[in-house]
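Reproduced below: target-v3.pdb, with PDB, C-alpha atoms.
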ATOM      1  CA  MET A 258      -5.933  -4.111 -24.263
ATOM      2  CA  LYS A 259      -7.289  -7.638 -23.967
ATOM      3  CA  LEU A 260      -7.182  -9.012 -20.411
ATOM      4  CA  PRO A 261      -5.023 -12.094 -19.893
ATOM      5  CA  LYS A 262      -6.977 -15.280 -19.271
ATOM      6  CA  GLU A 263      -6.684 -17.889 -16.544
ATOM      7  CA  GLY A 264      -3.535 -19.922 -17.167
ATOM      8  CA  ASP A 265      -1.812 -17.232 -19.267
ATOM      9  CA  PHE A 266       1.634 -16.040 -18.241
ATOM     10  CA  ILE A 267       2.446 -12.355 -17.857
ATOM     11  CA  THR A 268       5.455 -10.250 -16.931
ATOM     12  CA  ILE A 269       5.286  -7.911 -13.939
ATOM     13  CA  GLN A 270       7.397  -4.748 -13.939
ATOM     14  CA  SER A 271       8.003  -2.561 -10.921
ATOM     15  CA  TYR A 272       9.207   1.008 -11.497
ATOM     16  CA  LYS A 273      10.371   3.811  -9.240
ATOM     17  CA  HIS A 274       8.681   7.226  -9.171
ATOM     18  CA  ASP A 275      11.375   8.667 -11.479
ATOM     19  CA  GLY A 276      10.428   6.151 -14.192
ATOM     20  CA  SER A 277      13.414   3.847 -13.732
ATOM     21  CA  LEU A 278      12.795   0.110 -13.907
ATOM     22  CA  HIS A 279      13.135  -1.428 -10.434
ATOM     23  CA  ARG A 280      12.379  -5.157 -10.763
ATOM     24  CA  THR A 281      10.859  -7.622 -13.253
ATOM     25  CA  TRP A 282       9.120 -10.948 -12.632
ATOM     26  CA  ARG A 283       8.905 -13.186 -15.677
ATOM     27  CA  ASP A 284       6.153 -15.731 -16.222
ATOM     28  CA  THR A 285       3.638 -15.024 -13.501
ATOM     29  CA  MET A 286       0.675 -17.351 -14.071
ATOM     30  CA  VAL A 287      -2.674 -15.559 -14.155
ATOM     31  CA  LEU A 288      -5.353 -17.172 -11.992
ATOM     32  CA  LYS A 289      -8.066 -14.539 -12.404
ATOM     33  CA  THR A 290      -8.606 -11.138 -13.975
ATOM     34  CA  THR A 291     -11.475  -8.741 -13.495
ATOM     35  CA  GLU A 292     -12.020  -5.169 -14.572
ATOM     36  CA  ASN A 293     -10.140  -3.994 -11.455
ATOM     37  CA  ALA A 294      -7.939  -6.849 -10.232
ATOM     38  CA  VAL A 295      -5.401  -9.449 -11.235
ATOM     39  CA  ILE A 296      -4.656 -12.524  -9.142
ATOM     40  CA  GLY A 297      -1.661 -14.612 -10.117
ATOM     41  CA  VAL A 298       0.975 -16.959  -8.807
ATOM     42  CA  ASN A 299       4.747 -16.931  -8.830
ATOM     43  CA  ASP A 300       6.413 -20.287  -8.278
ATOM     44  CA  HIS A 301      10.148 -20.467  -8.877
ATOM     45  CA  THR A 302       9.748 -17.357 -11.005
ATOM     46  CA  LEU A 303      12.769 -15.571 -12.471
ATOM     47  CA  VAL A 304      13.212 -12.086 -10.981
ATOM     48  CA  THR A 305      15.597  -9.531 -12.494
ATOM     49  CA  GLU A 306      16.740  -6.520 -10.474
ATOM     50  CA  ALA A 307      17.479  -3.114 -12.021
ATOM     51  CA  ASP A 308      21.229  -3.773 -11.684
ATOM     52  CA  GLY A 309      20.899  -7.001 -13.727
ATOM     53  CA  ARG A 310      21.145  -9.343 -10.745
ATOM     54  CA  ARG A 311      18.827 -12.338 -11.178
ATOM     55  CA  TRP A 312      17.259 -14.729  -8.704
ATOM     56  CA  VAL A 313      14.387 -17.217  -8.546
ATOM     57  CA  THR A 314      11.506 -17.079  -6.049
ATOM     58  CA  ARG A 315      11.792 -19.871  -3.460
ATOM     59  CA  GLU A 316       8.189 -20.810  -2.803
ATOM     60  CA  PRO A 317       4.771 -20.473  -4.403
ATOM     61  CA  ALA A 318       3.213 -17.058  -3.815
ATOM     62  CA  ILE A 319      -0.250 -15.752  -4.642
ATOM     63  CA  VAL A 320      -0.008 -12.172  -5.954
ATOM     64  CA  TYR A 321      -2.833  -9.630  -5.809
ATOM     65  CA  PHE A 322      -2.999  -6.343  -7.717
ATOM     66  CA  HIS A 323      -5.863  -3.848  -7.781
ATOM     67  CA  LYS A 324      -6.611  -0.732  -9.848
ATOM     68  CA  LYS A 325      -8.111   1.196  -6.934
ATOM     69  CA  TYR A 326      -5.694   0.419  -4.093
ATOM     70  CA  TRP A 327      -2.192   1.819  -3.634
ATOM     71  CA  PHE A 328      -0.716  -1.508  -2.580
ATOM     72  CA  ASN A 329      -0.162  -5.000  -3.881
ATOM     73  CA  ILE A 330       0.034  -8.173  -1.850
ATOM     74  CA  ILE A 331       2.250 -11.237  -2.097
ATOM     75  CA  ALA A 332       1.109 -14.237  -0.024
ATOM     76  CA  MET A 333       4.103 -16.566   0.292
ATOM     77  CA  ILE A 334       3.143 -20.154   1.009
ATOM     78  CA  ARG A 335       5.814 -21.594   3.307
ATOM     79  CA  HIS A 336       6.159 -24.770   5.369
ATOM     80  CA  ASN A 337       5.527 -22.788   8.590
ATOM     81  CA  GLY A 338       2.451 -20.977   7.249
ATOM     82  CA  ILE A 339       1.644 -18.009   5.057
ATOM     83  CA  SER A 340       3.762 -14.852   5.225
ATOM     84  CA  TYR A 341       2.902 -11.689   3.360
ATOM     85  CA  TYR A 342       4.932  -9.000   1.694
ATOM     86  CA  CYS A 343       2.880  -5.931   0.813
ATOM     87  CA  ASN A 344       4.243  -3.164  -1.378
ATOM     88  CA  LEU A 345       2.871   0.368  -1.077
ATOM     89  CA  ALA A 346       2.614   1.116  -4.762
ATOM     90  CA  SER A 347       0.543   2.794  -7.406
ATOM     91  CA  PRO A 348      -2.472   0.955  -8.780
ATOM     92  CA  TYR A 349      -1.342  -1.235 -11.668
ATOM     93  CA  VAL A 350      -1.664  -0.679 -15.389
ATOM     94  CA  LEU A 351      -1.661  -3.499 -17.894
ATOM     95  CA  ASP A 352      -0.380  -3.176 -21.444
ATOM     96  CA  GLN A 353       0.882  -5.574 -24.144
ATOM     97  CA  GLU A 354       4.272  -5.717 -22.432
ATOM     98  CA  ALA A 355       3.494  -6.258 -18.743
ATOM     99  CA  LEU A 356       1.520  -5.497 -15.612
ATOM    100  CA  LYS A 357       3.232  -2.336 -14.331
ATOM    101  CA  TYR A 358       3.230  -0.293 -11.150
ATOM    102  CA  ILE A 359       5.320   2.268  -9.272
ATOM    103  CA  ASP A 360       6.898   0.963  -6.067
ATOM    104  CA  TYR A 361       6.877   3.589  -3.309
ATOM    105  CA  ASP A 362       9.416   1.901  -1.026
ATOM    106  CA  LEU A 363       7.199   1.373   2.031
ATOM    107  CA  ASP A 364       6.409  -2.269   2.689
ATOM    108  CA  VAL A 365       4.386  -4.143   5.262
ATOM    109  CA  LYS A 366       5.615  -7.615   6.160
ATOM    110  CA  VAL A 367       3.265 -10.011   7.930
ATOM    111  CA  PHE A 368       4.930 -13.049   9.426
ATOM    112  CA  ALA A 369       3.266 -16.474   9.652
ATOM    113  CA  ASP A 370       2.648 -15.875  13.384
ATOM    114  CA  GLY A 371       0.718 -12.674  12.588
ATOM    115  CA  GLU A 372       3.437 -10.186  13.593
ATOM    116  CA  LYS A 373       3.406  -7.068  11.371
ATOM    117  CA  LYS A 374       6.312  -4.773  10.496
ATOM    118  CA  LEU A 375       6.382  -1.548   8.491
ATOM    119  CA  LEU A 376       9.618  -1.672   6.481
ATOM    120  CA  ASP A 377      11.805   0.789   4.574
ATOM    121  CA  VAL A 378      10.531   3.996   6.172
ATOM    122  CA  ASP A 379      14.022   5.556   5.835
ATOM    123  CA  GLU A 380      14.193   4.582   2.150
ATOM    124  CA  TYR A 381      10.746   6.099   1.626
ATOM    125  CA  GLU A 382      11.773   9.398   3.258
ATOM    126  CA  THR A 383      14.987   9.534   1.191
ATOM    127  CA  HIS A 384      13.235   8.811  -2.114
ATOM    128  CA  LYS A 385      10.387  11.177  -1.225
ATOM    129  CA  LYS A 386      12.938  14.011  -1.175
ATOM    130  CA  GLU A 387      15.110  12.802  -4.076
ATOM    131  CA  MET A 388      12.232  11.993  -6.429
ATOM    132  CA  HIS A 389       9.901  14.759  -5.249
ATOM    133  CA  TYR A 390       6.878  12.743  -4.208
ATOM    134  CA  SER A 391       3.971  15.160  -4.066
ATOM    135  CA  HIS A 392       2.032  15.893  -0.881
ATOM    136  CA  ASP A 393      -0.950  14.150  -2.532
ATOM    137  CA  ILE A 394       1.029  10.946  -3.114
ATOM    138  CA  ASP A 395       2.416  11.070   0.428
ATOM    139  CA  TYR A 396      -1.129  11.460   1.817
ATOM    140  CA  ILE A 397      -2.566   8.688  -0.394
ATOM    141  CA  LEU A 398       0.180   6.245   0.590
ATOM    142  CA  LYS A 399      -0.240   6.921   4.298
ATOM    143  CA  GLU A 400      -4.022   6.449   4.000
ATOM    144  CA  HIS A 401      -3.525   3.188   2.099
ATOM    145  CA  VAL A 402      -1.185   1.882   4.813
ATOM    146  CA  LYS A 403      -4.201   2.259   7.138
ATOM    147  CA  ILE A 404      -6.478   0.411   4.679
ATOM    148  CA  LEU A 405      -3.892  -2.348   4.281
ATOM    149  CA  VAL A 406      -3.482  -2.779   8.057
ATOM    150  CA  ASP A 407      -7.275  -2.951   8.390
ATOM    151  CA  TRP A 408      -7.352  -5.728   5.760
ATOM    152  CA  ILE A 409      -4.606  -7.583   7.656
ATOM    153  CA  ASN A 410      -6.301  -7.210  11.043
ATOM    154  CA  ASN A 411      -9.647  -8.374   9.656
ATOM    155  CA  GLY A 412      -8.389 -11.215   7.435
ATOM    156  CA  LYS A 413      -9.817  -9.525   4.346
ATOM    157  CA  GLY A 414      -9.134 -10.812   0.819
ATOM    158  CA  PRO A 415      -5.625 -12.239   0.450
ATOM    159  CA  PHE A 416      -5.217 -12.177   4.247
ATOM    160  CA  SER A 417      -7.785 -14.965   4.587
ATOM    161  CA  GLN A 418      -6.473 -18.540   4.805
ATOM    162  CA  SER A 419      -9.385 -19.732   2.642
ATOM    163  CA  TYR A 420      -8.532 -17.155  -0.072
ATOM    164  CA  VAL A 421      -4.969 -18.444  -0.298
ATOM    165  CA  ASN A 422      -6.155 -22.073  -0.222
ATOM    166  CA  ILE A 423      -8.648 -21.504  -3.055
ATOM    167  CA  TRP A 424      -6.125 -19.789  -5.338
ATOM    168  CA  TYR A 425      -3.284 -22.163  -4.557
ATOM    169  CA  LYS A 426      -5.558 -25.145  -5.297
ATOM    170  CA  ARG A 427      -6.560 -23.527  -8.608
ATOM    171  CA  TYR A 428      -2.897 -22.987  -9.463
ATOM    172  CA  LEU A 429      -2.116 -26.666  -8.822
ATOM    173  CA  GLU A 430      -5.043 -27.698 -11.068
ATOM    174  CA  LEU A 431      -3.818 -25.451 -13.900
ATOM    175  CA  ARG A 432      -0.170 -26.471 -13.476
ATOM    176  CA  ASN A 433      -1.006 -30.170 -13.606
ATOM    177  CA  ARG A 434      -3.139 -29.999 -16.767
TER     178      ARG A 434
END
If you took the structure in this file and wrote it as structure tokens, what would it be?
Amino acid sequence: MKLPKEGDFITIQSYKHDGSLHRTWRDTMVLKTTENAVIGVNDHTLVTEADGRRWVTREPAIVYFHKKYWFNIIAMIRHNGISYYCNLASPYVLDQEALKYIDYDLDVKVFADGEKKLLDVDEYETHKKEMHYSHDIDYILKEHVKILVDWINNGKGPFSQSYVNIWYKRYLELRNR
């Protein structure tokens, strides 16, 4: 599979552990691809839920996916600062159709003031039973929550203001070509 290039648009598809489609983002602009990572931007991007409900993202957001980490990161650029929504999820795969990953319910939200919240623990526990998450997956996800919190606490990668500034500036350059 040929990697998408800077300025290309891709679809992102989120699945649940049982293989059911969870959510789709159409027309995410690619800002950078490497062997292991994809950085993109959603800006007023159409999102379709599994039940067919559709909505459009409200603000520009830098998205970060990695093939070795069990999370992805959305840095939402808002008037009061940057907030983050982090999905505990399988590493992504990329095929002709879309960038795809399995969403494992747990989320970490980081507010513009730095407050952190672990979300959807009840949903995770319910789906863990219903969809039979293995002990290995449970262990991996809990370890990757620790890695993610370390990144947040240390301003690593997408959690750095300069990272977001660089990629948002690049997006504006590409958009205004």
### Message
Could you list, as a PyMOL selection string, every residue matched by the PyMOL selection byres ((chain A and resi 428-433) around 8) in this structure?
### Response
chain A and resi 264+288+298+424-427+434
Produce a table with one row for each residue of stretch 285-322 of chain A that has an atom at most 12 Å from any atom of stretch 331-348 of chain A, each row naming the nearest atom pair and its distance in Å at one decimal; use all atoms listed in the file; arrange rows by chain and rising residue number; format as a Markdown table.
| residue | atom | partner | partner_atom | distance |
| --- | --- | --- | --- | --- |
| A:Asn293 | CA | A:Pro348 | CA | 9.5 |
| A:Ala294 | CA | A:Pro348 | CA | 9.6 |
| A:Val295 | CA | A:Pro348 | CA | 11.1 |
| A:Ile296 | CA | A:Ile331 | CA | 9.9 |
| A:Gly297 | CA | A:Ile331 | CA | 9.5 |
| A:Val298 | CA | A:Ile331 | CA | 8.9 |
| A:Asn299 | CA | A:Met333 | CA | 9.2 |
| A:Asp300 | CA | A:Met333 | CA | 9.6 |
| A:His301 | CA | A:Met333 | CA | 11.7 |
| A:Thr314 | CA | A:Met333 | CA | 9.8 |
| A:Arg315 | CA | A:Met333 | CA | 9.2 |
| A:Glu316 | CA | A:Ile334 | CA | 6.4 |
| A:Pro317 | CA | A:Ile334 | CA | 5.7 |
| A:Ala318 | CA | A:Met333 | CA | 4.2 |
| A:Ile319 | CA | A:Ala332 | CA | 5.0 |
| A:Val320 | CA | A:Ile331 | CA | 4.6 |
| A:Tyr321 | CA | A:Ile331 | CA | 6.5 |
| A:Phe322 | CA | A:Pro348 | CA | 7.4 |
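From atom CA of A:Ile359 back to atom CA of A:Leu278, the distance works out to 9.1 Å.
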### Task
Apply the PyMOL selection byres ((chain A and resi 260) around 10) to the file shown and report the selected residues as a list in words.
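Written out, the selection comes to Met258, Lys259, Pro261, Lys262, Glu263, Asp265, Lys289, Thr290, Thr291, Glu292, Val295, Leu351, Asp352 and Gln353 of chain A.
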### Task
For A:Lys273, please output as a PyMOL selection string all residues within 9 Å (counting all atoms listed in the file; exclusion window: fewer than 6 positions along the same chain).
chain A and resi 279+358-362+388
How would the residues just picked look written out with C-alpha atoms as a PDB file, in the coordinates of the input?
ATOM      1  CA  HIS A 279      13.135  -1.428 -10.434  1.00  0.00           C
ATOM      2  CA  TYR A 358       3.230  -0.293 -11.150  1.00  0.00           C
ATOM      3  CA  ILE A 359       5.320   2.268  -9.272  1.00  0.00           C
ATOM      4  CA  ASP A 360       6.898   0.963  -6.067  1.00  0.00           C
ATOM      5  CA  TYR A 361       6.877   3.589  -3.309  1.00  0.00           C
ATOM      6  CA  ASP A 362       9.416   1.901  -1.026  1.00  0.00           C
ATOM      7  CA  MET A 388      12.232  11.993  -6.429  1.00  0.00           C
TER       8      MET A 388
END
### Message
For a quick check of understanding, using all atoms listed in the file, which of A:Ala355, A:Ile267, A:Val365, A:Ala307 has the smallest distance to A:Trp408?
### Response
A:Val365
Output of the PyMOL selection byres ((chain A and resi 401) around 8), listed as an mmCIF file with C-alpha atoms, keeping the file's coordinate frame:
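As written to disk, out-v8.cif reads:
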data_model
loop_
_atom_site.group_PDB
_atom_site.id
_atom_site.type_symbol
_atom_site.label_atom_id
_atom_site.label_comp_id
_atom_site.auth_asym_id
_atom_site.auth_seq_id
_atom_site.Cartn_x
_atom_site.Cartn_y
_atom_site.Cartn_z
ATOM 1 C CA TYR A 326 -5.694 0.419 -4.093
ATOM 2 C CA TRP A 327 -2.192 1.819 -3.634
ATOM 3 C CA PHE A 328 -0.716 -1.508 -2.580
ATOM 4 C CA LEU A 345 2.871 0.368 -1.077
ATOM 5 C CA ILE A 397 -2.566 8.688 -0.394
ATOM 6 C CA LEU A 398 0.180 6.245 0.590
ATOM 7 C CA LYS A 399 -0.240 6.921 4.298
ATOM 8 C CA GLU A 400 -4.022 6.449 4.000
ATOM 9 C CA VAL A 402 -1.185 1.882 4.813
ATOM 10 C CA LYS A 403 -4.201 2.259 7.138
ATOM 11 C CA ILE A 404 -6.478 0.411 4.679
ATOM 12 C CA LEU A 405 -3.892 -2.348 4.281
#
### Message
If we count only C-alpha atoms and set the cut-off at 10 Å, which residues sit around A:Glu306, ignoring sequence neighbours fewer than 3 positions away in its own chain? Please answer as a VMD selection string.
### Response
chain A and resid 271 278 to 282 309 to 312
### Message
Just the number, please: distance in Å from atom CA of A:Val313 to atom CA of A:Val287, one decimal.
### Response
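According to the coordinates, atom CA of A:Val313 and atom CA of A:Val287 are separated by 18.0 Å.
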Could stretch 343-354 of chain A be completed with N, CA, C and O atoms and written as a short mmCIF file (atom, residue, chain, number, x, y, z; two decimals), keeping the file's coordinate frame, please?
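Here's the written file out.cif:
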data_model
loop_
_atom_site.label_atom_id
_atom_site.label_comp_id
_atom_site.auth_asym_id
_atom_site.auth_seq_id
_atom_site.Cartn_x
_atom_site.Cartn_y
_atom_site.Cartn_z
N CYS A 343 3.81 -6.88 1.43
CA CYS A 343 2.88 -5.93 0.81
C CYS A 343 3.64 -4.68 0.41
O CYS A 343 4.29 -4.05 1.25
N ASN A 344 3.58 -4.36 -0.85
CA ASN A 344 4.24 -3.16 -1.38
C ASN A 344 3.26 -2.01 -1.42
O ASN A 344 2.17 -2.15 -1.98
N LEU A 345 3.64 -0.85 -0.86
CA LEU A 345 2.87 0.37 -1.08
C LEU A 345 3.28 0.84 -2.46
O LEU A 345 4.46 1.07 -2.72
N ALA A 346 2.31 0.92 -3.35
CA ALA A 346 2.61 1.12 -4.76
C ALA A 346 1.40 1.70 -5.46
O ALA A 346 0.28 1.62 -4.97
N SER A 347 1.66 2.27 -6.62
CA SER A 347 0.54 2.79 -7.41
C SER A 347 -0.37 1.65 -7.83
O SER A 347 0.07 0.50 -7.91
N PRO A 348 -1.63 1.96 -8.13
CA PRO A 348 -2.47 0.96 -8.78
C PRO A 348 -1.79 0.51 -10.09
O PRO A 348 -1.05 1.29 -10.70
N TYR A 349 -2.03 -0.72 -10.49
CA TYR A 349 -1.34 -1.24 -11.67
C TYR A 349 -1.97 -0.74 -12.97
O TYR A 349 -3.13 -0.33 -13.01
N VAL A 350 -1.17 -0.81 -14.02
CA VAL A 350 -1.66 -0.68 -15.39
C VAL A 350 -1.21 -1.93 -16.13
O VAL A 350 -0.20 -2.54 -15.78
N LEU A 351 -1.96 -2.30 -17.12
CA LEU A 351 -1.66 -3.50 -17.89
C LEU A 351 -1.59 -3.10 -19.35
O LEU A 351 -2.53 -2.48 -19.87
N ASP A 352 -0.47 -3.42 -20.01
CA ASP A 352 -0.38 -3.18 -21.44
C ASP A 352 0.13 -4.46 -22.11
O ASP A 352 0.24 -5.49 -21.45
N GLN A 353 0.44 -4.38 -23.40
CA GLN A 353 0.88 -5.57 -24.14
C GLN A 353 2.16 -6.16 -23.56
O GLN A 353 2.41 -7.35 -23.67
N GLU A 354 2.96 -5.29 -22.93
CA GLU A 354 4.27 -5.72 -22.43
C GLU A 354 4.20 -6.38 -21.06
O GLU A 354 4.85 -7.40 -20.83
#
